[in-house]
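What follows is start-v3.cif (mmCIF, C-alpha atoms and all ligand atoms).
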data_coords
loop_
_atom_site.label_atom_id
_atom_site.label_comp_id
_atom_site.auth_asym_id
_atom_site.auth_seq_id
_atom_site.Cartn_x
_atom_site.Cartn_y
_atom_site.Cartn_z
CA MET A 1119 14.90 13.97 -19.37
CA THR A 1120 12.81 16.90 -20.71
CA GLU A 1121 9.18 17.32 -19.61
CA ASP A 1122 8.00 16.13 -23.05
CA SER A 1123 10.16 13.01 -23.13
CA ARG A 1124 9.18 12.34 -19.50
CA ASP A 1125 5.51 12.49 -20.54
CA ASP A 1126 6.20 10.16 -23.48
CA HIS A 1127 7.99 7.77 -21.15
CA ALA A 1128 5.06 7.89 -18.69
CA ARG A 1129 2.54 7.22 -21.46
CA GLN A 1130 4.55 4.27 -22.78
CA LEU A 1131 5.00 2.80 -19.33
CA ALA A 1132 1.28 3.13 -18.61
CA ALA A 1133 0.41 1.51 -21.95
CA VAL A 1134 2.70 -1.48 -21.33
CA ALA A 1135 1.39 -1.97 -17.78
CA ALA A 1136 -2.24 -1.58 -18.91
CA ASP A 1137 -1.68 -4.22 -21.57
CA ILE A 1138 -0.28 -6.73 -19.08
CA ALA A 1139 -3.10 -5.93 -16.66
CA ARG A 1140 -5.83 -6.46 -19.26
CA GLN A 1141 -4.36 -9.47 -21.04
CA ARG A 1142 -2.84 -11.42 -18.20
CA TYR A 1143 -4.52 -10.43 -14.95
CA ALA A 1144 -8.02 -9.08 -15.63
CA PRO A 1145 -9.32 -12.54 -16.63
CA ARG A 1146 -8.13 -14.05 -13.33
CA ALA A 1147 -8.76 -11.21 -10.87
CA ALA A 1148 -12.37 -12.08 -9.99
CA ALA A 1149 -11.50 -15.73 -9.30
CA TRP A 1150 -8.53 -14.84 -7.08
CA ASP A 1151 -10.87 -12.57 -5.13
CA ALA A 1152 -13.74 -15.06 -4.87
CA GLU A 1153 -11.46 -17.94 -3.91
CA ARG A 1154 -9.31 -15.75 -1.61
CA LYS A 1155 -6.26 -17.10 -3.42
CA ALA A 1156 -2.80 -15.65 -2.82
CA PHE A 1157 -1.03 -14.29 -5.90
CA PRO A 1158 1.00 -17.21 -7.36
CA GLN A 1159 4.75 -17.07 -6.83
CA GLU A 1160 5.45 -17.77 -10.49
CA GLU A 1161 3.41 -14.69 -11.39
CA ARG A 1162 5.48 -12.61 -8.99
CA ARG A 1163 8.60 -13.91 -10.74
CA TYR A 1164 7.01 -12.97 -14.05
CA LEU A 1165 6.53 -9.38 -12.85
CA GLY A 1166 10.17 -9.49 -11.71
CA SER A 1167 11.31 -10.70 -15.13
CA LEU A 1168 9.64 -7.62 -16.66
CA GLY A 1169 11.59 -5.36 -14.31
CA LEU A 1170 8.44 -4.16 -12.54
CA LEU A 1171 9.54 -5.15 -9.03
CA GLY A 1172 12.74 -3.12 -9.18
CA ILE A 1173 11.55 0.12 -10.78
CA CYS A 1174 12.61 2.27 -7.80
CA LEU A 1175 15.25 -0.08 -6.36
CA PRO A 1176 18.99 0.45 -6.91
CA GLU A 1177 20.57 -0.49 -10.23
CA GLN A 1178 23.46 -2.27 -8.50
CA PHE A 1179 21.00 -4.98 -7.40
CA GLY A 1180 19.21 -5.26 -10.74
CA GLY A 1181 16.68 -2.47 -10.28
CA SER A 1182 16.16 0.64 -12.41
CA GLY A 1183 16.66 3.38 -9.80
CA ALA A 1184 13.78 5.27 -11.45
CA PRO A 1185 11.65 7.99 -9.83
CA LEU A 1186 8.71 6.98 -7.65
CA LEU A 1187 6.22 8.22 -10.24
CA ASP A 1188 7.23 5.39 -12.60
CA ALA A 1189 6.29 2.75 -10.04
CA LEU A 1190 3.03 4.54 -9.26
CA ILE A 1191 2.10 4.56 -12.95
CA VAL A 1192 2.54 0.78 -13.10
CA ILE A 1193 0.74 0.22 -9.80
CA GLU A 1194 -2.25 2.22 -11.03
CA GLU A 1195 -2.59 0.32 -14.29
CA LEU A 1196 -2.31 -3.09 -12.64
CA ALA A 1197 -4.63 -2.14 -9.77
CA LYS A 1198 -7.38 -1.03 -12.14
CA GLU A 1199 -7.69 -4.66 -13.20
CA CYS A 1200 -6.14 -6.78 -10.46
CA MET A 1201 -5.27 -5.65 -6.95
CA PRO A 1202 -3.12 -8.69 -6.01
CA ALA A 1203 -0.87 -8.14 -9.06
CA ALA A 1204 -0.52 -4.44 -8.24
CA PHE A 1205 0.22 -5.34 -4.63
CA GLN A 1206 3.46 -7.09 -5.66
CA VAL A 1207 4.74 -3.96 -7.41
CA PHE A 1208 3.53 -1.81 -4.51
CA GLU A 1209 5.24 -3.92 -1.86
CA ALA A 1210 8.57 -4.10 -3.74
CA ASN A 1211 8.80 -0.47 -4.85
CA THR A 1212 7.02 1.47 -2.14
CA GLY A 1213 7.07 -0.95 0.81
CA PRO A 1214 9.68 -2.52 3.10
CA ALA A 1215 12.21 -3.24 0.31
CA ARG A 1216 12.22 0.46 -0.56
CA VAL A 1217 12.81 1.28 3.12
CA LEU A 1218 15.77 -1.12 3.07
CA SER A 1219 17.15 0.59 -0.02
CA LEU A 1220 16.97 3.97 1.71
CA ILE A 1221 18.07 3.29 5.27
CA GLY A 1222 19.17 -0.37 5.43
CA SER A 1223 22.82 -1.37 5.67
CA GLU A 1224 24.77 -2.33 2.53
CA GLU A 1225 24.91 -5.89 3.80
CA LEU A 1226 21.12 -6.11 4.27
CA GLN A 1227 20.54 -4.60 0.84
CA HIS A 1228 22.88 -7.16 -0.74
CA ARG A 1229 21.10 -9.98 1.06
CA PHE A 1230 17.50 -9.04 0.24
CA LEU A 1231 17.13 -6.63 -2.67
CA PRO A 1232 18.29 -8.85 -5.58
CA GLY A 1233 15.68 -11.48 -4.59
CA VAL A 1234 12.92 -8.89 -4.25
CA ILE A 1235 13.73 -7.46 -7.68
CA THR A 1236 13.58 -10.84 -9.43
CA GLY A 1237 10.44 -11.82 -7.52
CA GLU A 1238 12.20 -14.70 -5.80
CA ILE A 1239 11.27 -13.33 -2.36
CA SER A 1240 8.94 -10.76 -0.85
CA ILE A 1241 9.13 -8.67 2.31
CA ALA A 1242 6.02 -7.65 4.25
CA LEU A 1243 5.51 -4.86 6.77
CA ALA A 1244 4.68 -5.63 10.40
CA ILE A 1245 3.92 -2.51 12.45
CA SER A 1246 0.37 -2.91 13.81
CA GLU A 1247 -0.44 -4.96 16.88
CA PRO A 1248 -3.71 -5.94 18.58
CA ASP A 1249 -3.45 -2.90 20.88
CA ALA A 1250 -1.47 -0.55 18.63
CA GLY A 1251 -3.04 0.59 15.36
CA SER A 1252 -3.33 4.36 14.89
CA ALA A 1253 -1.28 4.61 18.06
CA ALA A 1254 1.67 2.86 16.40
CA THR A 1255 4.05 4.05 19.12
CA ASP A 1256 2.14 1.88 21.62
CA ILE A 1257 3.68 -1.28 20.18
CA THR A 1258 4.97 -3.75 22.76
CA THR A 1259 6.91 -6.20 20.57
CA ARG A 1260 10.36 -6.19 22.16
CA ALA A 1261 13.79 -7.17 20.85
CA LYS A 1262 16.60 -7.63 23.37
CA TYR A 1263 20.22 -7.48 22.33
CA ALA A 1264 22.87 -9.87 23.68
CA ASP A 1265 26.02 -11.41 22.20
CA GLY A 1266 25.63 -10.07 18.66
CA ALA A 1267 21.96 -11.04 18.25
CA TYR A 1268 18.44 -9.80 19.00
CA THR A 1269 15.79 -11.98 20.62
CA ILE A 1270 12.28 -10.87 19.67
CA ASN A 1271 8.97 -11.48 21.44
CA GLY A 1272 5.59 -10.10 20.47
CA ALA A 1273 2.63 -10.30 18.10
CA LYS A 1274 1.72 -8.33 15.00
CA ARG A 1275 -1.75 -7.91 13.49
CA TRP A 1276 -3.12 -7.12 10.02
CA THR A 1277 0.14 -7.97 8.30
CA SER A 1278 -0.65 -7.91 4.57
CA ASN A 1279 1.03 -10.90 2.96
CA GLY A 1280 1.42 -12.33 6.46
CA GLY A 1281 2.19 -16.04 6.19
CA GLU A 1282 3.16 -15.62 2.50
CA ALA A 1283 6.15 -13.28 2.66
CA ASP A 1284 9.69 -14.57 3.07
CA ALA A 1285 10.74 -11.83 5.48
CA TYR A 1286 9.15 -9.11 7.60
CA LEU A 1287 10.20 -5.57 8.39
CA VAL A 1288 9.22 -5.64 12.06
CA TYR A 1289 8.79 -2.47 14.08
CA THR A 1290 9.90 -3.32 17.60
CA ARG A 1291 10.99 -1.84 20.90
CA LEU A 1292 14.74 -1.97 21.18
CA SER A 1293 15.14 -0.14 24.47
CA ASP A 1294 13.05 0.68 27.52
CA GLU A 1295 12.61 4.30 26.49
CA PRO A 1296 8.86 5.10 26.21
CA GLY A 1297 6.94 6.07 23.06
CA SER A 1298 8.72 6.40 19.74
CA LYS A 1299 12.16 6.84 21.32
CA GLY A 1300 12.61 3.13 22.04
CA ILE A 1301 11.30 1.94 18.66
CA GLY A 1302 13.38 0.72 15.72
CA ALA A 1303 13.03 -2.05 13.15
CA LEU A 1304 14.54 -5.42 12.31
CA ILE A 1305 14.27 -7.72 9.35
CA VAL A 1306 12.99 -11.13 10.45
CA GLU A 1307 13.03 -14.05 8.02
CA ALA A 1308 9.85 -16.16 8.03
CA ASP A 1309 11.76 -19.40 8.53
CA ARG A 1310 13.45 -18.39 11.80
CA PRO A 1311 12.51 -20.72 14.68
CA GLY A 1312 9.77 -19.10 16.80
CA VAL A 1313 8.03 -17.27 13.93
CA SER A 1314 4.42 -18.41 13.53
CA PHE A 1315 1.28 -17.16 11.83
CA GLY A 1316 -2.37 -16.83 12.81
CA ALA A 1317 -5.31 -17.94 10.68
CA ARG A 1318 -5.84 -16.03 7.50
CA GLU A 1319 -8.15 -13.04 8.13
CA ARG A 1320 -11.48 -13.02 6.29
CA LEU A 1321 -11.43 -9.39 5.18
CA MET A 1322 -14.22 -7.49 3.39
CA GLY A 1323 -11.80 -6.78 0.53
CA PHE A 1324 -8.12 -7.52 -0.13
CA ARG A 1325 -9.20 -11.09 -0.79
CA GLY A 1326 -6.33 -11.95 -3.10
CA ILE A 1327 -3.87 -10.49 -0.58
CA PRO A 1328 -3.49 -12.71 2.48
CA SER A 1329 -3.49 -11.06 5.90
CA ALA A 1330 -2.56 -12.72 9.18
CA ASP A 1331 -1.18 -12.21 12.65
CA VAL A 1332 2.55 -12.84 12.95
CA ARG A 1333 3.93 -14.09 16.27
CA PHE A 1334 7.51 -13.96 17.50
CA ASP A 1335 8.40 -16.29 20.36
CA ASP A 1336 12.06 -15.95 21.35
CA VAL A 1337 13.00 -15.43 17.70
CA VAL A 1338 16.74 -14.83 17.37
CA VAL A 1339 18.10 -12.70 14.51
CA PRO A 1340 21.69 -11.54 14.00
CA ALA A 1341 22.59 -7.93 14.84
CA GLY A 1342 23.11 -7.38 11.11
CA ASN A 1343 19.31 -7.60 10.64
CA LEU A 1344 18.89 -4.21 12.29
CA VAL A 1345 17.36 -1.67 9.89
CA ALA A 1346 16.79 1.20 12.32
CA GLY A 1347 17.98 1.52 15.89
CA PRO A 1348 16.13 3.13 18.81
CA GLY A 1349 15.86 6.85 18.19
CA GLU A 1350 15.49 6.29 14.43
CA PHE A 1351 11.70 6.04 14.40
CA LYS A 1352 11.48 9.35 12.53
CA GLU A 1353 13.69 8.01 9.70
CA LEU A 1354 11.55 4.87 9.52
CA PHE A 1355 8.33 6.84 9.31
CA ARG A 1356 9.76 9.25 6.76
CA ALA A 1357 10.53 6.27 4.51
CA PHE A 1358 7.08 4.80 5.27
CA ALA A 1359 5.58 7.91 3.62
CA ILE A 1360 6.54 6.34 0.27
CA GLU A 1361 4.27 3.37 1.03
CA ARG A 1362 1.46 5.83 1.73
CA LEU A 1363 1.80 7.13 -1.82
CA GLY A 1364 1.65 3.56 -3.10
CA ASN A 1365 -1.50 3.15 -1.04
CA SER A 1366 -2.94 6.41 -2.42
CA THR A 1367 -2.29 5.13 -5.93
CA MET A 1368 -4.25 1.93 -5.21
CA SER A 1369 -7.16 4.20 -4.25
CA LEU A 1370 -6.65 6.30 -7.37
CA ALA A 1371 -6.82 3.15 -9.50
CA ILE A 1372 -10.08 2.14 -7.85
CA GLY A 1373 -11.60 5.57 -8.48
CA GLN A 1374 -10.38 5.71 -12.08
CA ALA A 1375 -11.59 2.19 -12.87
CA ALA A 1376 -15.01 2.88 -11.33
CA LEU A 1377 -15.23 6.12 -13.29
CA ASP A 1378 -14.18 4.55 -16.60
CA ARG A 1379 -16.74 1.78 -16.30
CA THR A 1380 -19.44 4.30 -15.39
CA VAL A 1381 -18.64 6.53 -18.36
CA SER A 1382 -19.35 3.57 -20.65
CA TYR A 1383 -22.38 2.32 -18.75
CA VAL A 1384 -24.32 5.60 -18.60
CA GLN A 1385 -23.98 5.93 -22.37
CA GLU A 1386 -25.19 2.38 -22.99
CA ARG A 1387 -28.03 1.94 -20.53
CA ILE A 1388 -31.40 3.21 -21.72
CA GLN A 1389 -34.21 4.17 -19.33
CA PHE A 1390 -37.32 6.19 -20.15
CA GLY A 1391 -36.20 5.92 -23.77
CA LYS A 1392 -32.92 7.82 -23.18
CA GLN A 1393 -29.32 7.09 -22.29
CA LEU A 1394 -28.76 7.55 -18.54
CA ILE A 1395 -26.21 10.29 -19.28
CA GLU A 1396 -28.97 12.45 -20.76
CA PHE A 1397 -30.48 12.93 -17.30
CA GLN A 1398 -29.01 16.03 -15.71
CA SER A 1399 -28.66 14.51 -12.25
CA VAL A 1400 -26.57 11.70 -13.78
CA GLN A 1401 -24.37 14.34 -15.44
CA MET A 1402 -23.90 16.04 -12.05
CA THR A 1403 -22.93 12.76 -10.40
CA LEU A 1404 -20.49 11.91 -13.17
CA ALA A 1405 -18.93 15.37 -12.98
CA ASP A 1406 -18.46 14.94 -9.21
CA MET A 1407 -16.74 11.62 -9.83
CA VAL A 1408 -14.36 13.17 -12.38
CA LEU A 1409 -13.60 16.08 -10.04
CA GLN A 1410 -12.68 13.80 -7.18
CA VAL A 1411 -10.54 11.43 -9.26
CA GLU A 1412 -8.65 14.29 -10.90
CA ALA A 1413 -8.05 16.06 -7.57
CA ALA A 1414 -6.60 12.87 -6.08
CA ARG A 1415 -4.45 12.29 -9.16
CA LEU A 1416 -2.95 15.78 -9.02
CA LEU A 1417 -2.17 15.53 -5.30
CA ILE A 1418 -0.50 12.14 -5.77
CA GLU A 1419 1.51 13.33 -8.77
CA ARG A 1420 2.68 16.42 -6.93
CA ALA A 1421 3.85 14.37 -3.96
CA ALA A 1422 5.55 11.82 -6.24
CA ARG A 1423 7.35 14.54 -8.22
CA THR A 1424 8.61 16.12 -5.00
CA ALA A 1425 9.90 12.69 -3.92
CA GLY A 1426 11.68 11.98 -7.22
CA THR A 1427 14.09 9.18 -6.35
CA GLY A 1428 14.14 10.17 -2.67
CA LEU A 1429 11.72 10.96 0.11
CA PRO A 1430 8.37 12.72 -0.30
CA ASP A 1431 7.11 15.70 1.68
CA PRO A 1432 4.94 14.45 4.58
CA LEU A 1433 2.28 17.16 4.13
CA GLU A 1434 1.91 16.38 0.42
CA VAL A 1435 1.67 12.66 1.24
CA SER A 1436 -1.05 13.05 3.85
CA LEU A 1437 -3.05 15.39 1.60
CA ALA A 1438 -2.82 12.85 -1.23
CA LYS A 1439 -3.66 9.83 0.94
CA CYS A 1440 -6.62 11.44 2.67
CA MET A 1441 -8.07 12.69 -0.62
CA ALA A 1442 -7.44 9.47 -2.57
CA ASN A 1443 -8.72 7.10 0.13
CA GLU A 1444 -11.98 9.00 0.60
CA MET A 1445 -12.37 9.57 -3.13
CA ALA A 1446 -12.11 5.83 -3.86
CA LYS A 1447 -14.82 4.96 -1.35
CA ARG A 1448 -17.17 7.69 -2.65
CA VAL A 1449 -16.52 7.24 -6.36
CA SER A 1450 -16.86 3.45 -6.27
CA ASP A 1451 -20.10 3.93 -4.32
CA LEU A 1452 -21.44 6.41 -6.90
CA ALA A 1453 -20.41 4.04 -9.69
CA MET A 1454 -22.44 1.25 -8.08
CA GLN A 1455 -25.37 3.62 -7.74
CA LEU A 1456 -25.26 4.61 -11.43
CA HIS A 1457 -25.08 0.94 -12.41
CA GLY A 1458 -28.33 0.24 -10.52
CA GLY A 1459 -28.93 -3.46 -9.84
CA ASN A 1460 -26.02 -4.40 -12.08
CA GLY A 1461 -23.68 -2.45 -9.80
CA TYR A 1462 -24.73 -4.67 -6.92
CA THR A 1463 -23.77 -7.87 -8.74
CA GLU A 1464 -20.31 -9.40 -8.79
CA ASP A 1465 -20.43 -9.46 -12.61
CA TYR A 1466 -19.53 -5.79 -12.99
CA GLY A 1467 -16.63 -5.84 -10.52
CA LEU A 1468 -17.71 -2.60 -8.86
CA GLU A 1469 -18.50 -4.15 -5.51
CA ARG A 1470 -14.97 -5.60 -5.51
CA LEU A 1471 -13.52 -2.14 -6.11
CA HIS A 1472 -15.70 -0.73 -3.34
CA ARG A 1473 -14.67 -3.44 -0.87
CA ASP A 1474 -10.99 -2.85 -1.63
CA ALA A 1475 -11.44 0.93 -1.35
CA HIS A 1476 -12.40 0.55 2.31
CA GLY A 1477 -9.28 -1.52 2.99
CA TRP A 1478 -6.84 0.99 1.52
CA ALA A 1479 -8.44 3.73 3.59
CA VAL A 1480 -7.60 1.90 6.81
CA ALA A 1481 -4.20 0.50 5.81
CA GLY A 1482 -1.27 2.86 6.19
CA GLY A 1483 -3.09 5.17 8.61
CA THR A 1484 -6.73 6.26 8.47
CA PRO A 1485 -7.93 9.53 6.91
CA ALA A 1486 -8.52 10.85 10.44
CA MET A 1487 -4.84 10.28 11.25
CA GLN A 1488 -3.84 11.91 7.95
CA ARG A 1489 -5.92 14.96 8.87
CA ILE A 1490 -4.10 15.24 12.19
CA ARG A 1491 -0.80 15.04 10.29
CA ILE A 1492 -1.94 17.65 7.76
CA VAL A 1493 -2.67 20.21 10.48
CA SER A 1494 0.49 19.31 12.36
CA GLU A 1495 2.67 19.78 9.24
CA LEU A 1496 0.81 22.90 8.17
CA LEU A 1497 1.25 24.64 11.51
CA GLY A 1498 4.62 23.10 12.37
CA ARG A 1499 3.15 21.93 15.65
CA HIS A 1500 2.96 18.54 17.34
CA PHE A 1501 -0.45 17.63 18.77
CA ASP A 1502 0.00 15.02 21.47
CA GLN A 1503 -2.92 12.58 21.14
CA ARG A 1504 -2.39 11.30 24.68
CA ARG A 1505 -2.77 14.52 26.65
C1 LIG A 1601 -6.60 -4.06 4.58
C2 LIG A 1601 -5.61 -3.70 5.64
C3 LIG A 1601 -4.25 -3.92 5.41
C4 LIG A 1601 -3.33 -3.61 6.41
N1 LIG A 1601 -2.01 -3.91 6.21
C5 LIG A 1601 -1.13 -3.70 7.22
C6 LIG A 1601 0.23 -4.15 7.09
O1 LIG A 1601 0.63 -4.70 6.06
N2 LIG A 1601 1.08 -3.96 8.13
C7 LIG A 1601 0.68 -3.35 9.29
O2 LIG A 1601 1.49 -3.17 10.17
N3 LIG A 1601 -0.62 -2.94 9.45
C8 LIG A 1601 -1.52 -3.10 8.45
N4 LIG A 1601 -2.83 -2.73 8.61
C9 LIG A 1601 -3.25 -2.13 9.87
C10 LIG A 1601 -3.58 -0.65 9.75
O3 LIG A 1601 -2.39 0.11 9.66
C11 LIG A 1601 -4.42 -0.27 10.98
O4 LIG A 1601 -5.62 -0.99 10.92
C12 LIG A 1601 -4.69 1.23 11.01
O5 LIG A 1601 -3.52 1.96 11.31
C13 LIG A 1601 -5.77 1.58 12.04
O6 LIG A 1601 -5.51 0.95 13.26
P1 LIG A 1601 -6.69 0.14 14.01
O7 LIG A 1601 -7.26 -0.81 13.05
O8 LIG A 1601 -6.10 -0.40 15.26
O9 LIG A 1601 -7.79 1.21 14.34
P2 LIG A 1601 -7.80 2.20 15.61
O10 LIG A 1601 -6.46 2.83 15.77
O11 LIG A 1601 -8.38 1.48 16.77
O12 LIG A 1601 -8.82 3.32 15.11
C14 LIG A 1601 -10.23 3.11 15.10
C15 LIG A 1601 -10.88 4.43 14.66
O13 LIG A 1601 -10.53 5.47 15.59
C16 LIG A 1601 -9.93 6.57 14.88
N5 LIG A 1601 -8.88 7.16 15.71
C17 LIG A 1601 -7.89 6.53 16.38
N6 LIG A 1601 -7.10 7.41 16.99
C18 LIG A 1601 -7.60 8.64 16.71
C19 LIG A 1601 -7.21 9.98 17.03
N7 LIG A 1601 -6.15 10.23 17.78
N8 LIG A 1601 -7.97 11.01 16.56
C20 LIG A 1601 -9.04 10.76 15.77
N9 LIG A 1601 -9.45 9.53 15.42
C21 LIG A 1601 -8.73 8.48 15.87
C22 LIG A 1601 -9.38 5.97 13.60
O14 LIG A 1601 -9.25 6.94 12.58
C23 LIG A 1601 -10.40 4.90 13.29
O15 LIG A 1601 -11.46 5.49 12.59
C24 LIG A 1601 -3.77 -3.03 7.62
C25 LIG A 1601 -5.14 -2.79 7.83
C26 LIG A 1601 -6.05 -3.13 6.85
C27 LIG A 1601 -7.52 -2.91 7.10
#
Now, as a test, write the supplied structure out as structure tokens.
Ligand SMILES: Cc1cc2nc3c(=O)[nH]c(=O)nc-3n(C[C@H](O)[C@H](O)[C@H](O)COP(=O)(O)OP(=O)(O)OC[C@H]3O[C@@H](n4cnc5c(N)ncnc54)[C@H](O)[C@@H]3O)c2cc1C
Amino acid sequence: MTEDSRDDHARQLAAVAADIARQRYAPRAAAWDAERKAFPQEERRYLGSLGLLGICLPEQFGGSGAPLLDALIVIEELAKECMPAAFQVFEANTGPARVLSLIGSEELQHRFLPGVITGEISIALAISEPDAGSAATDITTRAKYADGAYTINGAKRWTSNGGEADAYLVYTRLSDEPGSKGIGALIVEADRPGVSFGARERLMGFRGIPSADVRFDDVVVPAGNLVAGPGEFKELFRAFAIERLGNSTMSLAIGQAALDRTVSYVQERIQFGKQLIEFQSVQMTLADMVLQVEAARLLIERAARTAGTGLPDPLEVSLAKCMANEMAKRVSDLAMQLHGGNGYTEDYGLERLHRDAHGWAVAGGTPAMQRIRIVSELLGRHFDQRR
């Protein structure tokens, strides 16, 4: 594809996704948020029928095998209007299913990817635990191998889509080696005996995306469910970088949506006999919003182009995530400010964007952790956080 035809393709894809977002999901997004409703399964199947759940997944299973940027374009357009709809495309194309497509066995891919692509099933990510968040290598969930099967015990926290998903990519200890060395990952189906879920979290944002603890009590899975063995933590985390770009794109969508609405509002609202935009301080604020959104967009696009159909560069990912997460919080805050009292109502949807912005900045590793990664990648040095 030439650069020009690639740009045409990107524009068309964005237009199609924006249309679906506006027509089908924008009218329902506020209610799903207010009622804390999970995204309906039939809607997930609808997204699957349009091919949006398999954009980056292999063609042999019904996907398109397209570059990451294509999925990010769709995620952005959906997320501008409806986070729960975008989440389905995010989870399928940049989340655990994508990890499976990169490092999972052929057999696991055959078992799970066709269902993810049609929207029949979803797979959620279970890394965090009550005592292991930023310090992900402190996880204590343990899987013991005997007679061709693993028996898992432990508890996961903050699992997005927890209780809704059909399977979980579970980071677990597989050996007694300390730190990351003993950690790998297994796929655990939700209907295995011993899998249970905590109460749904009442989060500040993410209200159309359920979140819950997931418990494993002597859960037995076949050896074939192994995605990464002990010693393969690095491979897992390299693939997880793709999810971080999905996350960054959610933040970008929030910033862009807040900016777009503000551009209209400051040209409509009259105070002191003038449009708000005629006040110089409003112009300065709007310019700052544009600067931040554009900077995040360029960093995300660079990282996505480097990734192509493979893995991104970790430095480019952390730069993009840090910038986009902080941008979304600031820009949605400035948008509320420029909307005055209206910005503080639910009617304008800005408070929803702002609430979600905070969630994306914690999920997938906080900006502080991204900064540590940035310096570590830049200098080619490892900074042990424990010593
Ligand atoms: C909306 C949402 C969705 C999520 N979805 C998932 C999911 O699907 N699956 C999953 O596994 N997890 C998920 N998480 C969990 C998320 O990955 C963790 O919350 C995140 O990694 C931070 O961990 P923590 O909450 O334990 O905070 P902590 O690690 O306790 O950190 C608290 C504060 O201390 C700072 N801090 C910690 N260590 C350092 C350090 N070394 N240097 C400087 N500052 C530091 C942090 O930046 C943060 O500001 C989700 C979280 C949220 C809020």
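The contact shell of ligand LIG 1601 (chain A), defined as all polymer residues within 7 Å when all atoms listed in the file are used, comprises A:Ala1242, A:Leu1243, A:Ala1244, A:Ile1245, A:Ser1246, A:Pro1248, A:Asp1249, A:Ala1250, A:Gly1251, A:Ser1252, A:Ala1253, A:Arg1275, A:Trp1276, A:Thr1277, A:Ser1278, A:Asn1279, A:Phe1324, A:Gly1477, A:Trp1478, A:Val1480, A:Ala1481, A:Gly1482, A:Gly1483, A:Thr1484, A:Pro1485, A:Ala1486, A:Met1487, A:Gln1503.
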Rank A:Pro1202, A:Glu1195, A:Arg1124, A:Thr1212 by their smallest atom-to-atom distance to A:Ala1425, using all atoms listed in the file, and report the top residue only.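 Using all atoms listed in the file, A:Ala1425 sits closest to A:Thr1212.
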Which polymer residues, protein or nucleic acid, are no farther than 6 Å from (9.2, -18.3, -8.3), counting all atoms listed in the file, as an MDAnalysis selection string? chainID A and resid 1159:1160 1163 1238
Please save C-alpha atoms of the selected residues as an mmCIF file, keeping the file's coordinate frame.
data_model
loop_
_atom_site.group_PDB
_atom_site.id
_atom_site.type_symbol
_atom_site.label_atom_id
_atom_site.label_comp_id
_atom_site.auth_asym_id
_atom_site.auth_seq_id
_atom_site.Cartn_x
_atom_site.Cartn_y
_atom_site.Cartn_z
ATOM 1 C CA GLN A 1159 4.750 -17.070 -6.830
ATOM 2 C CA GLU A 1160 5.450 -17.770 -10.490
ATOM 3 C CA ARG A 1163 8.600 -13.910 -10.740
ATOM 4 C CA GLU A 1238 12.200 -14.700 -5.800
#
I'd like to know which of A:Cys1200, A:Leu1437, A:Ala1453, A:Ala1148 is closest to A:Ile1492, using all atoms listed in the file.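 That would be A:Leu1437, the residue with the smallest distance to A:Ile1492.
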Do you know which residues are at most 8 Å from A:Val1345 counting only C-alpha atoms, after dropping those on the same chain fewer than 2 positions away, and could you put them as a short mmCIF file (atom, residue, chain, number, x, y, z; two decimals) with C-alpha atoms, in the coordinates of the input?
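Result written to selection.cif:
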data_model
loop_
_atom_site.label_atom_id
_atom_site.label_comp_id
_atom_site.auth_asym_id
_atom_site.auth_seq_id
_atom_site.Cartn_x
_atom_site.Cartn_y
_atom_site.Cartn_z
CA LEU A 1218 15.77 -1.12 3.07
CA ILE A 1221 18.07 3.29 5.27
CA GLY A 1222 19.17 -0.37 5.43
CA SER A 1223 22.82 -1.37 5.67
CA GLY A 1302 13.38 0.72 15.72
CA ALA A 1303 13.03 -2.05 13.15
CA LEU A 1304 14.54 -5.42 12.31
CA ILE A 1305 14.27 -7.72 9.35
CA ASN A 1343 19.31 -7.60 10.64
CA GLY A 1347 17.98 1.52 15.89
#
Within 10 Å of A:Asp1378, counting all atoms listed in the file, which residues qualify if same-chain residues fewer than 4 places away don't, as a list in words?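 The neighbour list is Lys1198, Ile1372, Gly1373, Gln1374, Ser1382, Tyr1383, Val1408 and Ala1453 of chain A.
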Would you list the contacts of A:Gly1300 as JSON, numbers by chain, taking every protein, DNA or RNA residue within 7 Å and counting only C-alpha atoms, but skipping same-chain residues closer than 5 positions in sequence? {"A": [1291, 1292, 1293, 1294, 1295, 1348, 1349]}
So which residues fall inside 10 Å of (17.6, 0.9, -6.7) if we count only C-alpha atoms? Mind giving them as a list of chain:residue names?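 Protein and nucleic acid residues near the point are A:Gly1172, A:Ile1173, A:Cys1174, A:Leu1175, A:Pro1176, A:Glu1177, A:Gln1178, A:Phe1179, A:Gly1180, A:Gly1181, A:Ser1182, A:Gly1183, A:Ala1184, A:Pro1185, A:Asn1211, A:Ala1215, A:Arg1216, A:Ser1219, A:Leu1220, A:Gln1227, A:Leu1231, A:Pro1232, A:Ile1235, A:Thr1427.
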Interatomic distance between atom CA of A:Arg1162 and atom CA of A:Ala1203?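 Atom CA of A:Ala1203 lies at a distance of 7.8 Å from atom CA of A:Arg1162.
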With distances taken over only C-alpha atoms, which residue among A:Glu1225, A:Asp1431, A:Glu1444, A:Glu1469 lies nearest A:Leu1496?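 For A:Leu1496, the nearest of the given residues is A:Asp1431.
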Between atom CA of A:Ala1330 and atom CA of A:Phe1315, what distance in Å does the model show, to one decimal? 6.4 Å
Choose the residue, out of A:Phe1157, A:Met1322, A:Gly1312, A:Ile1395, that has the smallest atom-to-atom separation from A:Ser1240; count all atoms listed in the file. A:Phe1157
Using all atoms listed in the file, the shortest atom-to-atom distance to A:Val1234 among A:Gly1166, A:Gly1342, A:Gly1266, A:Gly1213 belongs to A:Gly1166
